[in-house]
file protein-v8.cif (mmCIF, C-alpha atoms)
data_entry
#
loop_
_atom_site.label_atom_id
_atom_site.label_comp_id
_atom_site.auth_asym_id
_atom_site.auth_seq_id
_atom_site.Cartn_x
_atom_site.Cartn_y
_atom_site.Cartn_z
CA MET A 191 144.09 -37.49 -33.81
CA LYS A 192 142.07 -37.24 -30.63
CA ALA A 193 143.26 -34.69 -28.09
CA LYS A 194 144.41 -36.28 -24.85
CA ARG A 195 144.87 -33.01 -22.97
CA TYR A 196 143.16 -29.65 -23.34
CA GLN A 197 146.55 -28.20 -24.31
CA ASP A 198 146.37 -30.32 -27.48
CA LEU A 199 143.30 -28.40 -28.66
CA ILE A 200 144.18 -25.80 -31.29
CA VAL A 201 141.39 -23.56 -30.04
CA TRP A 202 142.90 -23.59 -26.53
CA GLN A 203 146.38 -22.86 -27.96
CA LYS A 204 145.04 -19.83 -29.85
CA ALA A 205 143.14 -18.64 -26.79
CA HIS A 206 146.29 -18.95 -24.68
CA ILE A 207 148.23 -16.84 -27.18
CA LEU A 208 145.41 -14.29 -27.15
CA VAL A 209 145.57 -13.97 -23.35
CA LYS A 210 149.33 -13.41 -23.41
CA ASN A 211 148.89 -10.70 -26.04
CA ILE A 212 146.02 -9.09 -24.12
CA TYR A 213 148.35 -8.73 -21.13
CA LYS A 214 150.97 -7.06 -23.31
CA VAL A 215 148.40 -4.67 -24.79
CA THR A 216 146.84 -3.78 -21.45
CA ASN A 217 150.25 -2.90 -20.03
CA LYS A 218 150.18 -0.02 -22.53
CA LEU A 219 146.74 1.30 -21.55
CA PRO A 220 146.48 4.50 -19.51
CA LYS A 221 146.95 3.96 -15.78
CA GLU A 222 143.47 5.33 -15.07
CA GLU A 223 142.07 2.29 -16.91
CA LYS A 224 143.69 -0.17 -14.47
CA TYR A 225 140.44 -0.91 -12.61
CA GLY A 226 138.19 -0.40 -15.62
CA LEU A 227 139.00 -1.50 -19.13
CA THR A 228 142.26 -3.28 -18.24
CA SER A 229 140.60 -5.40 -15.57
CA GLN A 230 137.55 -6.19 -17.70
CA ILE A 231 139.39 -7.29 -20.83
CA ARG A 232 141.89 -9.38 -18.88
CA ARG A 233 139.09 -11.19 -17.06
CA SER A 234 137.13 -11.85 -20.24
CA ALA A 235 140.25 -13.04 -22.09
CA LEU A 236 141.29 -15.30 -19.21
CA SER A 237 137.84 -16.86 -19.26
CA ILE A 238 138.24 -18.09 -22.84
CA PRO A 239 140.94 -20.77 -22.37
CA ALA A 240 139.78 -21.45 -18.81
CA ASN A 241 136.32 -22.51 -19.97
CA ILE A 242 137.73 -24.48 -22.88
CA SER A 243 139.92 -26.46 -20.49
CA GLU A 244 137.06 -26.95 -18.03
CA GLY A 245 134.75 -28.11 -20.80
CA PHE A 246 137.38 -30.52 -22.05
CA GLY A 247 137.46 -32.16 -18.62
CA ARG A 248 133.70 -32.76 -18.52
CA PHE A 249 132.34 -36.18 -19.41
CA HIS A 250 128.81 -35.31 -20.48
CA LEU A 251 128.27 -33.64 -23.84
CA LYS A 252 125.83 -31.07 -22.42
CA ASP A 253 128.42 -29.97 -19.85
CA LYS A 254 131.13 -29.72 -22.50
CA VAL A 255 128.93 -27.65 -24.79
CA ARG A 256 127.90 -25.35 -21.93
CA PHE A 257 131.50 -24.48 -21.10
CA TYR A 258 132.44 -24.07 -24.76
CA LEU A 259 129.52 -21.66 -25.23
CA ILE A 260 130.59 -19.67 -22.17
CA SER A 261 134.05 -19.46 -23.74
CA LYS A 262 132.51 -18.15 -26.98
CA GLY A 263 130.64 -15.50 -25.01
CA SER A 264 133.89 -14.43 -23.34
CA LEU A 265 135.53 -14.25 -26.76
CA ASN A 266 132.77 -11.91 -27.96
CA GLU A 267 133.21 -9.78 -24.83
CA THR A 268 136.97 -9.58 -25.39
CA GLU A 269 136.43 -8.58 -29.01
CA ASN A 270 134.10 -5.81 -27.84
CA TYR A 271 136.76 -4.42 -25.50
CA LEU A 272 139.37 -4.55 -28.27
CA GLU A 273 137.05 -2.53 -30.51
CA LEU A 274 136.70 0.05 -27.73
CA ILE A 275 140.47 0.22 -27.23
CA HIS A 276 140.83 0.76 -30.97
CA ASP A 277 138.08 3.40 -31.12
CA LEU A 278 139.59 5.31 -28.19
CA LYS A 279 142.99 5.12 -29.94
CA PHE A 280 144.70 3.81 -26.79
CA VAL A 281 146.75 1.09 -28.52
CA ASP A 282 146.92 -0.47 -31.98
CA VAL A 283 145.09 -3.77 -31.61
CA LYS A 284 144.79 -4.67 -35.29
CA SER A 285 146.97 -7.78 -34.96
CA LEU A 286 144.89 -9.04 -32.04
CA THR A 287 141.65 -8.43 -33.90
CA GLN A 288 143.04 -10.45 -36.82
CA LEU A 289 143.94 -13.28 -34.43
CA LEU A 290 140.29 -13.35 -33.31
CA THR A 291 138.87 -13.50 -36.80
CA THR A 292 141.38 -15.64 -38.71
CA PRO A 293 140.16 -19.21 -39.15
CA THR A 294 142.59 -22.04 -38.58
CA ASN A 295 142.83 -24.57 -41.38
CA TYR A 296 143.84 -27.82 -39.67
#

call {"tool": "encode", "arguments": {"input": "protein-v8.cif", "output": "structure tokens"}}
result
Amino acid sequence: MKAKRYQDLIVWQKAHILVKNIYKVTNKLPKEEKYGLTSQIRRSALSIPANISEGFGRFHLKDKVRFYLISKGSLNETENYLELIHDLKFVDVKSLTQLLTTPTNY
């Protein structure tokens, strides 16, 4: 079945869930991280579904691929911040890390 809206894309759905969970996790970070780690991970996570949806709306394949690759880069950035949060023992992010690495079989 061909997706008619970006919301139909499983990858966008998973990215949207990730963003919601990132917001929940960052609410538990120390207040002194508000303008540092909290801001950075939220921005990188928000960029993932945003670039997927923008790429979906493009008509030329090169444009689509460019936005999807930007989204992948933001995913890598988000994963990096989650590793840092884990290493600093701020919050348990194991479930989020699993969400990033679990393939979807559809």

call {"tool": "resolve_selection", "arguments": {"input": "protein-v8.cif", "expression": "the PyMOL selection byres ((chain A and resi 191-204) around 8)", "output": "list in words"}}
result
Ala205, His206, Ile207, Leu208, Pro239, Ile242, Ser243, Phe246 and Gly247 of chain A

call {"tool": "resolve_selection", "arguments": {"input": "protein-v8.cif", "expression": "the PyMOL selection byres ((chain A and resi 223-233) around 10)", "output": "ChimeraX atom specification"}}
result
/A:209-210,212-213,215-222,234-238,264-265,267-272,274-275

call {"tool": "write_last_selection", "arguments": {"input": "protein-v8.cif", "atoms": "C-alpha atoms", "output": "tab-separated table (two decimals), in the frame of the given file"}}
result
chain	number	residue	atom	x	y	z
A	209	VAL	CA	145.57	-13.97	-23.35
A	210	LYS	CA	149.33	-13.41	-23.41
A	212	ILE	CA	146.02	-9.09	-24.12
A	213	TYR	CA	148.35	-8.73	-21.13
A	215	VAL	CA	148.40	-4.67	-24.79
A	216	THR	CA	146.84	-3.78	-21.45
A	217	ASN	CA	150.25	-2.90	-20.03
A	218	LYS	CA	150.18	-0.02	-22.53
A	219	LEU	CA	146.74	1.30	-21.55
A	220	PRO	CA	146.48	4.50	-19.51
A	221	LYS	CA	146.95	3.96	-15.78
A	222	GLU	CA	143.47	5.33	-15.07
A	234	SER	CA	137.13	-11.85	-20.24
A	235	ALA	CA	140.25	-13.04	-22.09
A	236	LEU	CA	141.29	-15.30	-19.21
A	237	SER	CA	137.84	-16.86	-19.26
A	238	ILE	CA	138.24	-18.09	-22.84
A	264	SER	CA	133.89	-14.43	-23.34
A	265	LEU	CA	135.53	-14.25	-26.76
A	267	GLU	CA	133.21	-9.78	-24.83
A	268	THR	CA	136.97	-9.58	-25.39
A	269	GLU	CA	136.43	-8.58	-29.01
A	270	ASN	CA	134.10	-5.81	-27.84
A	271	TYR	CA	136.76	-4.42	-25.50
A	272	LEU	CA	139.37	-4.55	-28.27
A	274	LEU	CA	136.70	0.05	-27.73
A	275	ILE	CA	140.47	0.22	-27.23

call {"tool": "atom_distance", "arguments": {"input": "protein-v8.cif", "atom1": "atom CA of Lys284 of chain A", "atom2": "atom CA of Leu259 of chain A"}}
result
25.0 Å

call {"tool": "closest_residue", "arguments": {"input": "protein-v8.cif", "among": "A:Asn241, A:Glu273, A:Leu278, A:Asn211", "to": "Lys254 of chain A", "atoms": "only C-alpha atoms"}}
result
A:Asn241

call {"tool": "atom_distance", "arguments": {"input": "protein-v8.cif", "atom1": "atom CA of Ser285 of chain A", "atom2": "atom CA of Lys214 of chain A"}}
result
12.3 Å

call {"tool": "residues_around", "arguments": {"input": "protein-v8.cif", "residues": "Gly245 of chain A", "least_positions_apart": "5", "cutoff": "8 Å", "atoms": "all atoms listed in the file", "output": "list of chain:residue names"}}
result
A:Asp253, A:Lys254, A:Val255, A:Arg256, A:Phe257, A:Tyr258

call {"tool": "write_last_selection", "arguments": {"input": "protein-v8.cif", "atoms": "C-alpha atoms", "output": "compact mmCIF listing (two decimals), in the frame of the given file"}}
result
# COMPACT_ATOMS: atom_id res chain seq x y z
CA ASP A 253 128.42 -29.97 -19.85
CA LYS A 254 131.13 -29.72 -22.50
CA VAL A 255 128.93 -27.65 -24.79
CA ARG A 256 127.90 -25.35 -21.93
CA PHE A 257 131.50 -24.48 -21.10
CA TYR A 258 132.44 -24.07 -24.76

call {"tool": "build_atoms", "arguments": {"input": "protein-v8.cif", "residues": "segment 247-258 of chain A", "atoms": "all heavy atoms", "output": "short mmCIF file (atom, residue, chain, number, x, y, z; two decimals), in the coordinates of the input"}}
result
data_model
loop_
_atom_site.label_atom_id
_atom_site.label_comp_id
_atom_site.auth_asym_id
_atom_site.auth_seq_id
_atom_site.Cartn_x
_atom_site.Cartn_y
_atom_site.Cartn_z
N GLY A 247 137.41 -31.21 -19.73
CA GLY A 247 137.46 -32.16 -18.62
C GLY A 247 136.10 -32.74 -18.24
O GLY A 247 136.04 -33.64 -17.40
N ARG A 248 135.04 -32.25 -18.83
CA ARG A 248 133.70 -32.76 -18.52
C ARG A 248 133.41 -34.01 -19.33
O ARG A 248 133.87 -34.15 -20.46
CB ARG A 248 132.64 -31.69 -18.81
CG ARG A 248 132.80 -30.43 -17.99
CD ARG A 248 132.61 -30.74 -16.53
NE ARG A 248 132.93 -29.57 -15.72
CZ ARG A 248 132.26 -29.24 -14.62
NH1 ARG A 248 131.26 -29.99 -14.20
NH2 ARG A 248 132.61 -28.17 -13.94
N PHE A 249 132.63 -34.91 -18.75
CA PHE A 249 132.34 -36.18 -19.41
C PHE A 249 131.04 -36.16 -20.21
O PHE A 249 130.91 -36.87 -21.19
CB PHE A 249 132.29 -37.31 -18.37
CG PHE A 249 133.63 -37.55 -17.73
CD1 PHE A 249 133.88 -37.08 -16.45
CD2 PHE A 249 134.64 -38.20 -18.40
CE1 PHE A 249 135.12 -37.28 -15.86
CE2 PHE A 249 135.88 -38.41 -17.82
CZ PHE A 249 136.11 -37.94 -16.54
N HIS A 250 130.09 -35.36 -19.80
CA HIS A 250 128.81 -35.31 -20.48
C HIS A 250 128.81 -34.22 -21.55
O HIS A 250 129.29 -33.11 -21.32
CB HIS A 250 127.69 -35.05 -19.47
CG HIS A 250 127.59 -36.14 -18.44
ND1 HIS A 250 127.13 -37.40 -18.73
CD2 HIS A 250 127.92 -36.15 -17.12
CE1 HIS A 250 127.18 -38.14 -17.63
NE2 HIS A 250 127.66 -37.41 -16.65
N LEU A 251 128.27 -34.55 -22.70
CA LEU A 251 128.27 -33.64 -23.84
C LEU A 251 127.62 -32.30 -23.50
O LEU A 251 128.14 -31.24 -23.87
CB LEU A 251 127.57 -34.28 -25.04
CG LEU A 251 127.53 -33.44 -26.31
CD1 LEU A 251 128.94 -33.11 -26.79
CD2 LEU A 251 126.73 -34.13 -27.39
N LYS A 252 126.51 -32.32 -22.77
CA LYS A 252 125.83 -31.07 -22.42
C LYS A 252 126.73 -30.17 -21.57
O LYS A 252 126.73 -28.95 -21.75
CB LYS A 252 124.52 -31.34 -21.69
CG LYS A 252 123.41 -31.80 -22.59
CD LYS A 252 122.11 -31.92 -21.84
CE LYS A 252 121.01 -32.35 -22.78
NZ LYS A 252 119.71 -32.42 -22.10
N ASP A 253 127.48 -30.75 -20.66
CA ASP A 253 128.42 -29.97 -19.85
C ASP A 253 129.52 -29.39 -20.72
O ASP A 253 129.88 -28.22 -20.59
CB ASP A 253 129.06 -30.84 -18.76
CG ASP A 253 128.15 -31.07 -17.58
OD1 ASP A 253 127.18 -30.30 -17.42
OD2 ASP A 253 128.41 -32.02 -16.82
N LYS A 254 130.08 -30.20 -21.60
CA LYS A 254 131.13 -29.72 -22.50
C LYS A 254 130.64 -28.53 -23.32
O LYS A 254 131.29 -27.49 -23.37
CB LYS A 254 131.58 -30.83 -23.46
CG LYS A 254 132.43 -31.90 -22.84
CD LYS A 254 132.85 -32.92 -23.90
CE LYS A 254 133.73 -33.98 -23.32
NZ LYS A 254 135.03 -33.53 -22.87
N VAL A 255 129.48 -28.70 -23.94
CA VAL A 255 128.93 -27.65 -24.79
C VAL A 255 128.68 -26.39 -23.99
O VAL A 255 128.96 -25.28 -24.45
CB VAL A 255 127.64 -28.15 -25.49
CG1 VAL A 255 126.92 -27.00 -26.18
CG2 VAL A 255 127.98 -29.24 -26.49
N ARG A 256 128.16 -26.52 -22.77
CA ARG A 256 127.90 -25.35 -21.93
C ARG A 256 129.17 -24.54 -21.70
O ARG A 256 129.18 -23.32 -21.86
CB ARG A 256 127.28 -25.78 -20.60
CG ARG A 256 126.79 -24.63 -19.77
CD ARG A 256 126.02 -25.12 -18.54
NE ARG A 256 126.75 -24.68 -17.37
CZ ARG A 256 127.39 -25.46 -16.53
NH1 ARG A 256 127.40 -26.74 -16.68
NH2 ARG A 256 128.03 -24.96 -15.50
N PHE A 257 130.25 -25.19 -21.35
CA PHE A 257 131.50 -24.48 -21.10
C PHE A 257 132.09 -23.88 -22.37
O PHE A 257 132.64 -22.79 -22.36
CB PHE A 257 132.52 -25.37 -20.39
CG PHE A 257 132.24 -25.50 -18.92
CD1 PHE A 257 131.58 -26.61 -18.43
CD2 PHE A 257 132.61 -24.49 -18.04
CE1 PHE A 257 131.30 -26.72 -17.08
CE2 PHE A 257 132.33 -24.59 -16.69
CZ PHE A 257 131.67 -25.72 -16.20
N TYR A 258 131.95 -24.60 -23.49
CA TYR A 258 132.44 -24.07 -24.76
C TYR A 258 131.64 -22.84 -25.19
O TYR A 258 132.20 -21.89 -25.73
CB TYR A 258 132.42 -25.14 -25.85
CG TYR A 258 133.38 -26.30 -25.59
CD1 TYR A 258 133.13 -27.56 -26.14
CD2 TYR A 258 134.51 -26.16 -24.80
CE1 TYR A 258 134.01 -28.62 -25.92
CE2 TYR A 258 135.38 -27.20 -24.57
CZ TYR A 258 135.13 -28.43 -25.13
OH TYR A 258 136.00 -29.48 -24.90
#
